[in-house]
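Peer 1: Provided below: query.tsv, containing TSV, C-alpha atoms.
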chain	number	residue	atom	x	y	z
A	468	MET	CA	-47.74	-10.47	-10.00
A	469	ALA	CA	-44.99	-9.42	-12.42
A	470	LEU	CA	-45.62	-5.78	-11.54
A	471	LEU	CA	-45.37	-6.64	-7.84
A	472	ARG	CA	-42.04	-8.43	-8.35
A	473	ALA	CA	-40.68	-5.48	-10.34
A	474	ALA	CA	-41.76	-3.05	-7.64
A	475	THR	CA	-40.12	-5.24	-5.01
A	476	ARG	CA	-36.84	-5.28	-6.96
A	477	ARG	CA	-36.96	-1.49	-7.33
A	478	GLY	CA	-37.61	-1.17	-3.63
A	479	ARG	CA	-34.64	-3.35	-2.77
A	480	ARG	CA	-32.40	-1.36	-5.10
A	481	ALA	CA	-33.56	1.86	-3.49
A	482	LEU	CA	-32.88	0.49	-0.01
A	483	ILE	CA	-29.39	-0.68	-0.98
A	484	THR	CA	-28.62	2.67	-2.55
A	485	ALA	CA	-29.90	4.52	0.51
A	486	ALA	CA	-27.79	2.31	2.79
A	487	LEU	CA	-24.68	2.90	0.70
A	488	VAL	CA	-25.20	6.65	0.65
A	489	ALA	CA	-25.81	6.69	4.40
A	490	LEU	CA	-22.69	4.62	5.10
A	491	VAL	CA	-20.35	6.65	2.90
A	492	ALA	CA	-21.80	9.98	3.99
A	493	GLY	CA	-22.08	9.07	7.64
A	494	GLY	CA	-18.59	7.61	7.90
A	495	THR	CA	-16.99	11.05	8.24
A	496	GLY	CA	-19.90	13.32	8.96
A	497	GLY	CA	-21.35	13.79	5.47
A	498	TRP	CA	-20.49	14.44	1.85
A	499	ALA	CA	-18.61	17.57	2.88
A	500	ALA	CA	-15.87	15.29	4.22
A	501	GLY	CA	-14.83	14.65	0.63
A	502	SER	CA	-14.33	17.11	-2.17
A	503	ALA	CA	-15.16	16.67	-5.84
A	504	GLU	CA	-11.79	16.47	-7.57
A	505	THR	CA	-10.95	17.46	-11.13
A	506	ALA	CA	-9.15	14.53	-12.73
A	507	VAL	CA	-5.78	15.29	-14.31
A	508	THR	CA	-5.65	13.65	-17.72
A	509	GLY	CA	-3.65	13.94	-20.92
A	510	PRO	CA	0.05	14.71	-21.40
A	511	ALA	CA	2.14	17.10	-19.31
A	512	PRO	CA	1.67	20.90	-19.76
A	513	ASP	CA	4.71	21.19	-22.05
A	514	ALA	CA	3.16	19.02	-24.77
A	515	ALA	CA	2.38	21.87	-27.18
A	516	ALA	CA	5.96	23.18	-27.09
A	517	TRP	CA	7.25	19.63	-27.57
A	518	ARG	CA	5.09	19.13	-30.67
A	519	ALA	CA	6.35	22.43	-32.12
A	520	ASP	CA	10.03	21.56	-31.58
A	521	HIS	CA	11.77	20.85	-34.90
A	522	SER	CA	15.32	21.29	-33.61
A	523	LEU	CA	16.32	17.73	-34.55
A	524	GLY	CA	14.88	18.04	-38.03
A	525	ILE	CA	12.42	15.22	-37.35
A	526	ARG	CA	8.89	14.98	-35.99
A	527	LEU	CA	8.77	14.20	-32.29
A	528	PRO	CA	6.28	11.54	-31.13
A	529	ASP	CA	3.02	13.04	-29.91
A	530	PRO	CA	2.88	12.46	-26.12
A	531	ALA	CA	-0.91	12.21	-26.29
A	532	THR	CA	-1.21	9.59	-29.01
A	533	ALA	CA	2.11	7.85	-29.71
A	534	PRO	CA	2.18	4.31	-28.23
A	535	PRO	CA	5.01	3.75	-25.73
A	536	ALA	CA	6.62	1.24	-28.10
A	537	GLU	CA	6.81	3.98	-30.75
A	538	VAL	CA	8.32	6.36	-28.19
A	539	ALA	CA	10.95	3.77	-27.24
A	540	HIS	CA	11.83	3.22	-30.91
A	541	PHE	CA	12.18	6.98	-31.42
A	542	PHE	CA	14.65	7.38	-28.56
A	543	ASP	CA	16.60	4.32	-29.69
A	544	GLY	CA	17.38	6.25	-32.86
A	545	LEU	CA	18.83	9.28	-31.05
A	546	THR	CA	22.33	9.95	-29.79
A	547	ALA	CA	22.89	10.50	-26.06
A	548	ALA	CA	23.43	14.20	-26.74
A	549	GLN	CA	20.15	14.48	-28.64
A	550	ARG	CA	18.25	12.72	-25.88
A	551	TYR	CA	19.66	14.98	-23.21
A	552	ALA	CA	18.98	18.11	-25.29
A	553	LEU	CA	15.31	17.15	-25.47
A	554	ALA	CA	15.20	16.53	-21.73
A	555	VAL	CA	16.68	19.97	-21.05
A	556	ARG	CA	14.24	21.73	-23.39
A	557	HIS	CA	11.17	19.72	-22.35
A	558	PRO	CA	11.71	18.20	-18.90
A	559	LEU	CA	8.02	17.79	-18.06
A	560	THR	CA	7.28	16.00	-21.32
A	561	VAL	CA	10.33	13.72	-21.31
A	562	GLY	CA	9.95	12.98	-17.60
A	563	ASN	CA	6.40	11.75	-18.11
A	564	LEU	CA	6.82	10.18	-21.56
A	565	ASP	CA	6.06	6.49	-21.22
A	566	GLY	CA	8.52	4.58	-23.38
A	567	ALA	CA	11.39	7.04	-22.88
A	568	PRO	CA	14.61	5.60	-21.36
A	569	ILE	CA	14.43	5.21	-17.59
A	570	ALA	CA	17.65	7.10	-16.79
A	571	LEU	CA	16.63	9.95	-19.10
A	572	ARG	CA	13.30	10.27	-17.30
A	573	TYR	CA	15.14	10.52	-14.00
A	574	GLN	CA	17.26	13.36	-15.41
A	575	ALA	CA	14.27	15.17	-16.89
A	576	ASN	CA	12.23	14.95	-13.70
A	577	SER	CA	15.13	16.31	-11.67
A	578	LEU	CA	15.15	19.34	-13.98
A	579	ALA	CA	11.36	19.69	-13.77
A	580	LEU	CA	11.42	19.48	-9.96
A	581	LYS	CA	14.14	22.15	-9.77
A	582	ALA	CA	12.14	24.45	-12.04
A	583	GLU	CA	8.98	23.99	-9.96
A	584	ARG	CA	10.93	24.47	-6.71
A	585	ASP	CA	12.35	27.75	-8.02
A	586	ARG	CA	8.92	28.89	-9.18
A	587	GLN	CA	7.45	28.24	-5.75
A	588	ARG	CA	10.33	30.07	-4.07
A	589	ALA	CA	9.59	33.10	-6.23
A	590	LEU	CA	5.91	32.91	-5.32
A	591	SER	CA	6.80	32.78	-1.62
A	592	THR	CA	8.03	36.40	-1.76
A	593	ASP	CA	5.72	37.70	-4.51
A	594	SER	CA	4.36	41.09	-3.47
A	595	GLY	CA	1.05	40.24	-5.11
A	596	GLY	CA	0.45	37.23	-2.86
A	597	THR	CA	-1.13	36.98	0.57
A	598	LEU	CA	0.60	35.66	3.67
A	599	GLU	CA	-1.25	32.38	3.15
A	600	ASP	CA	-0.04	32.27	-0.46
A	601	HIS	CA	3.54	32.79	0.72
A	602	ARG	CA	3.23	30.05	3.34
A	603	ALA	CA	1.80	27.56	0.84
A	604	ALA	CA	4.53	28.38	-1.68
A	605	ARG	CA	7.28	27.88	0.92
A	606	GLN	CA	5.81	24.49	1.83
A	607	ALA	CA	5.65	23.50	-1.83
A	608	ALA	CA	9.25	24.60	-2.41
A	609	ASP	CA	10.38	22.57	0.60
A	610	ARG	CA	8.47	19.57	-0.71
A	611	HIS	CA	10.17	19.75	-4.09
A	612	THR	CA	13.54	20.10	-2.38
A	613	GLU	CA	12.85	16.85	-0.51
A	614	LEU	CA	12.11	15.08	-3.78
A	615	LEU	CA	15.46	16.25	-5.16
A	616	ALA	CA	17.43	14.53	-2.40
A	617	PRO	CA	20.32	12.37	-3.65
A	618	GLY	CA	19.37	8.76	-4.27
A	619	ARG	CA	15.74	9.41	-5.16
A	620	HIS	CA	14.64	8.16	-8.58
A	621	ILE	CA	11.58	10.03	-9.84
A	622	LEU	CA	10.09	8.29	-12.87
A	623	ALA	CA	7.16	10.69	-13.33
A	624	PHE	CA	6.30	14.14	-12.01
A	625	ASP	CA	3.30	16.29	-12.91
A	626	PRO	CA	2.63	19.46	-10.87
A	627	ARG	CA	-0.94	19.89	-12.08
A	628	GLY	CA	-3.77	19.69	-9.57
A	629	ARG	CA	-2.66	18.15	-6.27
A	630	GLY	CA	0.44	16.78	-8.02
A	631	GLN	CA	1.27	13.31	-9.33
A	632	ILE	CA	4.49	11.35	-8.99
A	633	ALA	CA	6.06	7.94	-9.46
A	634	GLU	CA	9.22	6.96	-7.57
A	635	VAL	CA	11.38	3.90	-8.14
A	636	HIS	CA	12.87	1.99	-5.23
A	637	GLY	CA	15.71	-0.17	-6.52
A	638	ASP	CA	17.47	-0.48	-9.85
A	639	LEU	CA	14.60	-0.73	-12.33
A	640	ALA	CA	16.89	-1.14	-15.33
A	641	ARG	CA	18.44	-4.33	-13.88
A	642	ALA	CA	15.54	-5.71	-11.85
A	643	GLU	CA	14.44	-9.31	-12.28
A	644	ARG	CA	11.24	-8.92	-10.25
A	645	THR	CA	9.22	-5.73	-10.04
A	646	ALA	CA	6.03	-4.38	-8.50
A	647	VAL	CA	3.91	-1.26	-8.86
A	648	VAL	CA	1.90	0.10	-5.92
A	649	VAL	CA	-1.43	1.69	-6.92
A	650	PRO	CA	-2.79	3.68	-3.94
A	651	GLY	CA	-6.27	4.69	-2.87
A	652	SER	CA	-7.82	7.88	-1.54
A	653	ASP	CA	-6.04	10.94	-0.16
A	654	ILE	CA	-2.70	10.27	-1.87
A	655	ASP	CA	-0.96	12.97	-3.91
A	656	LEU	CA	2.39	14.75	-4.25
A	657	THR	CA	2.39	15.85	-0.61
A	658	THR	CA	1.13	12.65	1.02
A	659	PHE	CA	2.57	9.76	-0.97
A	660	ASP	CA	5.46	9.39	1.49
A	661	ARG	CA	4.17	11.02	4.66
A	662	ASP	CA	5.52	10.01	8.08
A	663	LEU	CA	2.02	9.64	9.51
A	664	ASP	CA	0.60	6.19	8.82
A	665	PRO	CA	3.57	5.26	6.58
A	666	TYR	CA	2.26	1.86	5.47
A	667	GLY	CA	-0.84	3.56	4.13
A	668	THR	CA	1.30	5.41	1.60
A	669	PRO	CA	2.77	4.17	-1.68
A	670	THR	CA	6.31	4.88	-0.48
A	671	GLY	CA	5.84	3.04	2.81
A	672	MET	CA	4.29	0.08	1.01
A	673	ALA	CA	7.04	0.02	-1.62
A	674	THR	CA	9.95	0.19	0.82
A	675	SER	CA	8.43	-2.42	3.12
A	676	LEU	CA	7.71	-4.80	0.25
A	677	ARG	CA	11.19	-4.46	-1.19
A	678	ALA	CA	12.80	-4.97	2.22
A	679	ARG	CA	10.82	-8.16	2.73
A	680	MET	CA	11.78	-9.43	-0.74
A	681	ALA	CA	15.44	-8.73	0.06
A	682	THR	CA	15.11	-10.82	3.21
A	683	ASP	CA	13.36	-13.69	1.47
A	684	ALA	CA	15.41	-13.67	-1.74
A	685	PRO	CA	18.68	-11.77	-1.19
A	686	GLY	CA	20.09	-12.83	-4.55
A	687	VAL	CA	17.18	-11.52	-6.62
A	688	ARG	CA	17.38	-8.00	-8.07
A	689	THR	CA	14.12	-6.18	-7.32
A	690	ALA	CA	12.49	-2.81	-7.88
A	691	VAL	CA	9.20	-1.44	-6.60
A	692	ILE	CA	7.51	1.65	-8.02
A	693	ALA	CA	5.33	3.85	-5.83
A	694	TRP	CA	2.89	5.13	-8.46
A	695	THR	CA	0.68	8.12	-7.72
A	696	GLY	CA	-0.21	8.71	-11.33
A	697	TYR	CA	-3.92	9.49	-11.10
A	698	THR	CA	-6.15	11.92	-9.22
A	699	THR	CA	-7.29	10.12	-6.09
A	700	PRO	CA	-10.49	10.83	-4.14
A	701	VAL	CA	-10.26	13.07	-1.08
A	702	GLY	CA	-12.10	11.78	1.97
A	703	LEU	CA	-15.20	9.60	1.82
A	704	GLY	CA	-17.28	11.81	-0.43
A	705	PRO	CA	-19.00	11.04	-3.74
A	706	ASP	CA	-15.68	10.55	-5.54
A	707	ALA	CA	-14.85	7.57	-3.33
A	708	ALA	CA	-18.24	5.97	-3.96
A	709	THR	CA	-18.23	6.31	-7.76
A	710	GLY	CA	-15.91	5.22	-10.55
A	711	ARG	CA	-15.37	8.65	-12.13
A	712	LEU	CA	-11.78	9.19	-10.98
A	713	ALA	CA	-10.89	5.53	-11.54
A	714	GLU	CA	-12.16	5.79	-15.11
A	715	ALA	CA	-9.81	8.72	-15.64
A	716	GLY	CA	-6.92	6.97	-13.90
A	717	ALA	CA	-7.13	3.54	-15.53
A	718	PRO	CA	-5.83	4.66	-18.96
A	719	ARG	CA	-2.92	6.40	-17.24
A	720	LEU	CA	-2.01	3.17	-15.45
A	721	VAL	CA	-2.30	1.16	-18.68
A	722	ARG	CA	-0.02	3.58	-20.52
A	723	PHE	CA	2.48	3.65	-17.64
A	724	LEU	CA	2.75	-0.15	-17.61
A	725	SER	CA	3.03	-0.24	-21.41
A	726	GLY	CA	5.92	2.21	-21.07
A	727	LEU	CA	7.72	-0.12	-18.67
A	728	ALA	CA	7.25	-3.01	-21.08
A	729	ALA	CA	8.52	-0.88	-23.99
A	730	VAL	CA	11.86	-0.27	-22.26
A	731	GLY	CA	12.31	-3.93	-21.32
A	732	SER	CA	11.23	-4.00	-17.69
A	733	PRO	CA	9.76	-7.32	-16.56
A	734	ALA	CA	5.98	-7.42	-16.12
A	735	PRO	CA	5.31	-6.31	-12.54
A	736	ALA	CA	2.95	-7.43	-9.85
A	737	LEU	CA	0.33	-4.73	-9.23
A	738	LEU	CA	-0.47	-4.01	-5.59
A	739	CYS	CA	-3.86	-2.30	-5.69
A	740	HIS	CA	-5.02	-0.80	-2.39
A	741	SER	CA	-8.50	0.45	-1.56
A	742	TYR	CA	-9.81	2.78	-4.31
A	743	GLY	CA	-6.68	1.86	-6.27
A	744	SER	CA	-8.27	-1.57	-6.77
A	745	VAL	CA	-11.09	0.16	-8.67
A	746	VAL	CA	-8.47	1.68	-10.97
A	747	CYS	CA	-6.86	-1.74	-11.44
A	748	GLY	CA	-10.23	-3.34	-12.09
A	749	LEU	CA	-11.08	-0.90	-14.85
A	750	ALA	CA	-7.56	-1.15	-16.32
A	751	GLY	CA	-7.40	-4.94	-16.10
A	752	PRO	CA	-9.09	-6.00	-19.35
A	753	VAL	CA	-6.63	-3.97	-21.45
A	754	LEU	CA	-3.44	-4.65	-19.49
A	755	GLY	CA	-2.55	-7.64	-21.65
A	756	HIS	CA	0.84	-9.04	-20.64
A	757	THR	CA	2.05	-5.81	-19.00
A	758	ALA	CA	1.18	-7.11	-15.50
A	759	ARG	CA	1.91	-10.53	-14.04
A	760	ASP	CA	-0.19	-10.56	-10.86
A	761	LEU	CA	-2.89	-8.28	-9.45
A	762	ILE	CA	-2.85	-8.17	-5.65
A	763	ILE	CA	-6.08	-6.59	-4.41
A	764	PHE	CA	-6.31	-5.56	-0.75
A	765	GLY	CA	-8.63	-3.41	1.33
A	766	SER	CA	-10.89	-3.23	-1.71
A	767	PRO	CA	-14.38	-1.71	-1.94
A	768	GLY	CA	-14.83	-3.65	-5.20
A	769	MET	CA	-13.30	-3.57	-8.66
A	770	ARG	CA	-16.33	-2.76	-10.84
A	771	ARG	CA	-15.95	-6.19	-12.38
A	772	PRO	CA	-18.22	-9.22	-11.78
A	773	SER	CA	-15.39	-11.72	-11.36
A	774	ALA	CA	-11.64	-12.23	-11.37
A	775	ALA	CA	-11.89	-13.65	-14.88
A	776	ALA	CA	-13.42	-10.36	-16.04
A	777	VAL	CA	-10.59	-8.35	-14.47
A	778	ASP	CA	-7.70	-9.73	-16.50
A	779	GLY	CA	-7.41	-12.78	-18.70
A	780	TYR	CA	-3.62	-12.95	-18.37
A	781	ALA	CA	-2.72	-12.11	-14.76
A	782	GLN	CA	-3.56	-14.04	-11.62
A	783	VAL	CA	-5.84	-12.05	-9.29
A	784	TRP	CA	-5.19	-12.31	-5.56
A	785	ALA	CA	-7.36	-10.77	-2.82
A	786	ALA	CA	-6.85	-9.99	0.86
A	787	ARG	CA	-8.79	-8.24	3.60
A	788	ASP	CA	-8.12	-8.30	7.31
A	789	ALA	CA	-10.97	-8.64	9.77
A	790	THR	CA	-10.37	-5.19	11.31
A	791	ASP	CA	-10.52	-3.29	8.01
A	792	TRP	CA	-13.54	-0.95	7.99
A	793	ILE	CA	-13.84	-1.42	4.20
A	794	GLY	CA	-15.53	-4.74	4.98
A	795	ASN	CA	-18.58	-2.77	6.13
A	796	VAL	CA	-19.05	-1.10	2.75
A	797	PRO	CA	-21.93	-2.70	0.78
A	798	HIS	CA	-20.57	-4.49	-2.26
A	799	VAL	CA	-23.11	-3.23	-4.74
A	800	ASP	CA	-23.16	-1.09	-7.87
A	801	VAL	CA	-26.48	0.74	-7.95
A	802	LEU	CA	-27.11	3.86	-10.02
A	803	GLY	CA	-23.38	4.51	-10.19
A	804	LEU	CA	-22.80	4.21	-6.45
A	805	GLY	CA	-20.61	1.41	-5.10
A	806	HIS	CA	-18.00	-0.73	-6.79
A	807	GLY	CA	-19.64	-4.09	-7.14
A	808	GLU	CA	-18.61	-7.57	-6.06
A	809	ASP	CA	-16.33	-8.28	-3.10
A	810	PRO	CA	-12.97	-9.55	-4.43
A	811	THR	CA	-12.47	-11.59	-1.24
A	812	ASP	CA	-15.73	-13.48	-1.78
A	813	PRO	CA	-14.79	-16.98	-2.99
A	814	ALA	CA	-17.47	-16.65	-5.67
A	815	PHE	CA	-15.50	-13.78	-7.23
A	816	GLY	CA	-12.78	-16.26	-8.21
A	817	ALA	CA	-9.65	-14.53	-6.90
A	818	ARG	CA	-7.09	-16.56	-5.01
A	819	GLN	CA	-7.46	-15.73	-1.32
A	820	VAL	CA	-4.45	-14.37	0.60
A	821	SER	CA	-4.16	-14.45	4.39
A	822	ALA	CA	-4.09	-11.08	6.17
A	823	ILE	CA	-5.07	-12.16	9.66
A	824	ARG	CA	-2.18	-10.34	11.35
A	825	ALA	CA	-2.69	-7.06	9.50
A	826	GLU	CA	-4.52	-4.30	11.35
A	827	GLY	CA	-6.94	-1.75	9.96
A	828	HIS	CA	-7.28	-0.43	6.45
A	829	THR	CA	-3.65	0.58	5.99
A	830	GLY	CA	-1.70	-2.13	7.82
A	831	TYR	CA	-1.34	-4.76	5.11
A	832	LEU	CA	2.33	-4.09	4.36
A	833	ALA	CA	3.46	-3.41	7.92
A	834	PRO	CA	6.52	-5.50	8.88
A	835	GLY	CA	5.68	-8.79	10.54
A	836	THR	CA	2.29	-9.26	8.88
A	837	ASP	CA	1.40	-12.38	6.95
A	838	SER	CA	-0.04	-10.21	4.20
A	839	LEU	CA	3.38	-8.60	3.62
A	840	ARG	CA	5.01	-12.04	3.56
A	841	ASN	CA	2.44	-13.25	1.06
A	842	PHE	CA	2.65	-10.17	-1.15
A	843	ALA	CA	6.44	-10.54	-1.29
A	844	ALA	CA	6.12	-14.22	-2.22
A	845	ILE	CA	3.69	-13.36	-5.03
A	846	THR	CA	5.95	-10.62	-6.38
A	847	LEU	CA	8.88	-13.03	-6.32
A	848	GLY	CA	6.84	-15.66	-8.16
A	849	ARG	CA	7.00	-18.07	-5.25
A	850	TYR	CA	3.33	-18.99	-5.39
A	851	ALA	CA	3.63	-22.19	-3.41
A	852	ALA	CA	4.69	-20.14	-0.38
A	853	VAL	CA	1.47	-18.08	-0.38
A	854	SER	CA	-1.00	-18.89	2.38
Take the structure from the file and write it as structure tokens.
Peer 2:
Amino acid sequence: MALLRAATRRGRRALITAALVALVAGGTGGWAAGSAETAVTGPAPDAAAWRADHSLGIRLPDPATAPPAEVAHFFDGLTAAQRYALAVRHPLTVGNLDGAPIALRYQANSLALKAERDRQRALSTDSGGTLEDHRAARQAADRHTELLAPGRHILAFDPRGRGQIAEVHGDLARAERTAVVVPGSDIDLTTFDRDLDPYGTPTGMATSLRARMATDAPGVRTAVIAWTGYTTPVGLGPDAATGRLAEAGAPRLVRFLSGLAAVGSPAPALLCHSYGSVVCGLAGPVLGHTARDLIIFGSPGMRRPSAAAVDGYAQVWAARDATDWIGNVPHVDVLGLGHGEDPTDPAFGARQVSAIRAEGHTGYLAPGTDSLRNFAAITLGRYAAVS
């Protein structure tokens, strides 16, 4: 009898796994719809030159190992001229160095973007390149020019892979309430603020959230960060069904938030969309007090059995609208496929948030939705107003 029960359990697991594979693969015509991405990890490419720089006569903090609090203490001991000199010599490192002063990171990333723009312009006329190479380089140069527009505040920029970026909306140095948007699949340097489906992008979500907060609390200083700081899955392939990229991205999110705390920014609300909720779930247990609320929406699961296992400090909120296709994804974790429990299931223990007027998988922060109203109330700390 025991052998029969074990065989039955194995059979059920096999059926669930087969169903999950069929759903993910069939959703866009097969595994070929999604590519296997190489996760970008570690410090920016300039790290070796930074470590070898002895121009100040002191050892610079290792960008791979120095805690953000140590980085902040290091910069506190420098003059403005010394800080700027480091940014000029090592823009990629300073621009991505969690714990470095916010304004200095803006300056460094402007320099890094200009350098990458100029490099792409040179490639666009390189005699050794093909016509397709020239076209791609021109598009990349134009993209970097857009990011250099006056008024944009780039807090992180890494050109490796498909490109990573974090942009601040608002005055982060003076903000009383903050939020960080953690996106899901198909988001990178070229798509994080696309015109198509704007509220499915970190920029669209960030600007909509901040506008709603300004309407609801005009006297409160706010800032929202659109964070594309990890390698996201492309399409609905194996990457989207496993935790591999989230496991690589979670430490980057933890370090980023620790960097905000190190420079005195208030603990933000995290808005974790789709696969981004997997990143937040894996990061949660080590976030400590660096996040105040975790808002989970359009989630395939968080790879955690309950809200209590996600984060012992932050309140976990969960929303899913009835028209979101993610609701059809089996909430299992079998042989590495799937992301586990449904955060909107009352048994998970998250506080439920209404999203009945949102539409589809990317409509949660569209103006006029109750989910946007609720997310703004949570970010503002007005919990009694959440429905």
Peer 1: As a PDB file with C-alpha atoms, keeping the file's coordinate frame, please: the residues near Glu808 in chain A (cut-off 12 Å, only C-alpha atoms, same-chain neighbours under 6 positions excluded).
Peer 2:
ATOM      1  CA  SER A 744      -8.270  -1.570  -6.770  1.00  0.00           C
ATOM      2  CA  VAL A 745     -11.090   0.160  -8.670  1.00  0.00           C
ATOM      3  CA  GLY A 748     -10.230  -3.340 -12.090  1.00  0.00           C
ATOM      4  CA  SER A 766     -10.890  -3.230  -1.710  1.00  0.00           C
ATOM      5  CA  PRO A 767     -14.380  -1.710  -1.940  1.00  0.00           C
ATOM      6  CA  GLY A 768     -14.830  -3.650  -5.200  1.00  0.00           C
ATOM      7  CA  MET A 769     -13.300  -3.570  -8.660  1.00  0.00           C
ATOM      8  CA  ARG A 770     -16.330  -2.760 -10.840  1.00  0.00           C
ATOM      9  CA  ARG A 771     -15.950  -6.190 -12.380  1.00  0.00           C
ATOM     10  CA  PRO A 772     -18.220  -9.220 -11.780  1.00  0.00           C
ATOM     11  CA  SER A 773     -15.390 -11.720 -11.360  1.00  0.00           C
ATOM     12  CA  ALA A 774     -11.640 -12.230 -11.370  1.00  0.00           C
ATOM     13  CA  ALA A 776     -13.420 -10.360 -16.040  1.00  0.00           C
ATOM     14  CA  VAL A 777     -10.590  -8.350 -14.470  1.00  0.00           C
ATOM     15  CA  GLY A 794     -15.530  -4.740   4.980  1.00  0.00           C
ATOM     16  CA  VAL A 796     -19.050  -1.100   2.750  1.00  0.00           C
ATOM     17  CA  PRO A 797     -21.930  -2.700   0.780  1.00  0.00           C
ATOM     18  CA  HIS A 798     -20.570  -4.490  -2.260  1.00  0.00           C
ATOM     19  CA  VAL A 799     -23.110  -3.230  -4.740  1.00  0.00           C
ATOM     20  CA  ASP A 800     -23.160  -1.090  -7.870  1.00  0.00           C
ATOM     21  CA  VAL A 801     -26.480   0.740  -7.950  1.00  0.00           C
ATOM     22  CA  ALA A 814     -17.470 -16.650  -5.670  1.00  0.00           C
ATOM     23  CA  PHE A 815     -15.500 -13.780  -7.230  1.00  0.00           C
ATOM     24  CA  GLY A 816     -12.780 -16.260  -8.210  1.00  0.00           C
ATOM     25  CA  ALA A 817      -9.650 -14.530  -6.900  1.00  0.00           C
TER      26      ALA A 817
END
Peer 1: Around the point (1.8, -11.1, -3.0) (coordinates from the file), which residues reach within 8 Å if we count only C-alpha atoms? Answer as a ChimeraX atom specification.
Peer 2: /A:736,738,762,784,820,838-846,853
Peer 1: Quick one: residues within 9 Å of Asp638 in chain A, all atoms listed in the file counted, chain neighbours fewer than 5 positions away excluded, as a VMD selection string?
Peer 2: chain A and resid 688 to 691
Peer 1: Mind writing the picked residues with C-alpha atoms as a short mmCIF file (atom, residue, chain, number, x, y, z; two decimals), in the frame of the given file?
Peer 2:
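Just written: selection.cif:
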data_model
loop_
_atom_site.label_atom_id
_atom_site.label_comp_id
_atom_site.auth_asym_id
_atom_site.auth_seq_id
_atom_site.Cartn_x
_atom_site.Cartn_y
_atom_site.Cartn_z
CA ARG A 688 17.38 -8.00 -8.07
CA THR A 689 14.12 -6.18 -7.32
CA ALA A 690 12.49 -2.81 -7.88
CA VAL A 691 9.20 -1.44 -6.60
#
Peer 1: What gap, in Å, lies between CA of Ala539 in chain A and CA of Arg584 in chain A?
Peer 2: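 Computing the Euclidean distance for CA of Ala539 in chain A and CA of Arg584 in chain A yields 29.2 Å.
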Peer 1: Give the answer as one residue: which of A:Leu737, A:Ala604, A:Ile632, A:Leu712 has the shortest atom-to-atom distance to Met672 in chain A, using all atoms listed in the file?
Peer 2: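 The answer is A:Leu737, which sits nearest to Met672 in chain A.
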Peer 1: Need to verify the contact set: Thr657 in chain A, 8 Å, all atoms listed in the file, exclusion of same-chain residues closer than 5 positions in sequence. Can you return it as a PyMOL selection string?
Peer 2: chain A and resi 610+629-630
Peer 1: For Thr698 in chain A, which residue out of A:Tyr742, A:Tyr831, A:Tyr551, A:Phe542 is the nearest one, using all atoms listed in the file?
Peer 2: A:Tyr742
Peer 1: Between CA of Gly726 in chain A and CA of His540 in chain A, what is the spacing in Å?
Peer 2: 11.5 Å
Peer 1: Quick one: residues within 8 Å of Leu564 in chain A, all atoms listed in the file, excluding same-chain residues fewer than 4 positions away - as an NGL selection string?
Peer 2: :A and (530 or 535 or 538 or 560 or 572)
Peer 1: Could you check the closest approach to Ile763 in chain A for each of A:Pro650, A:Gly596, A:Gly827, A:Gly671 and tell me which residue wins, using all atoms listed in the file?
Peer 2: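 For Ile763 in chain A, the nearest of the candidates is A:Pro650.
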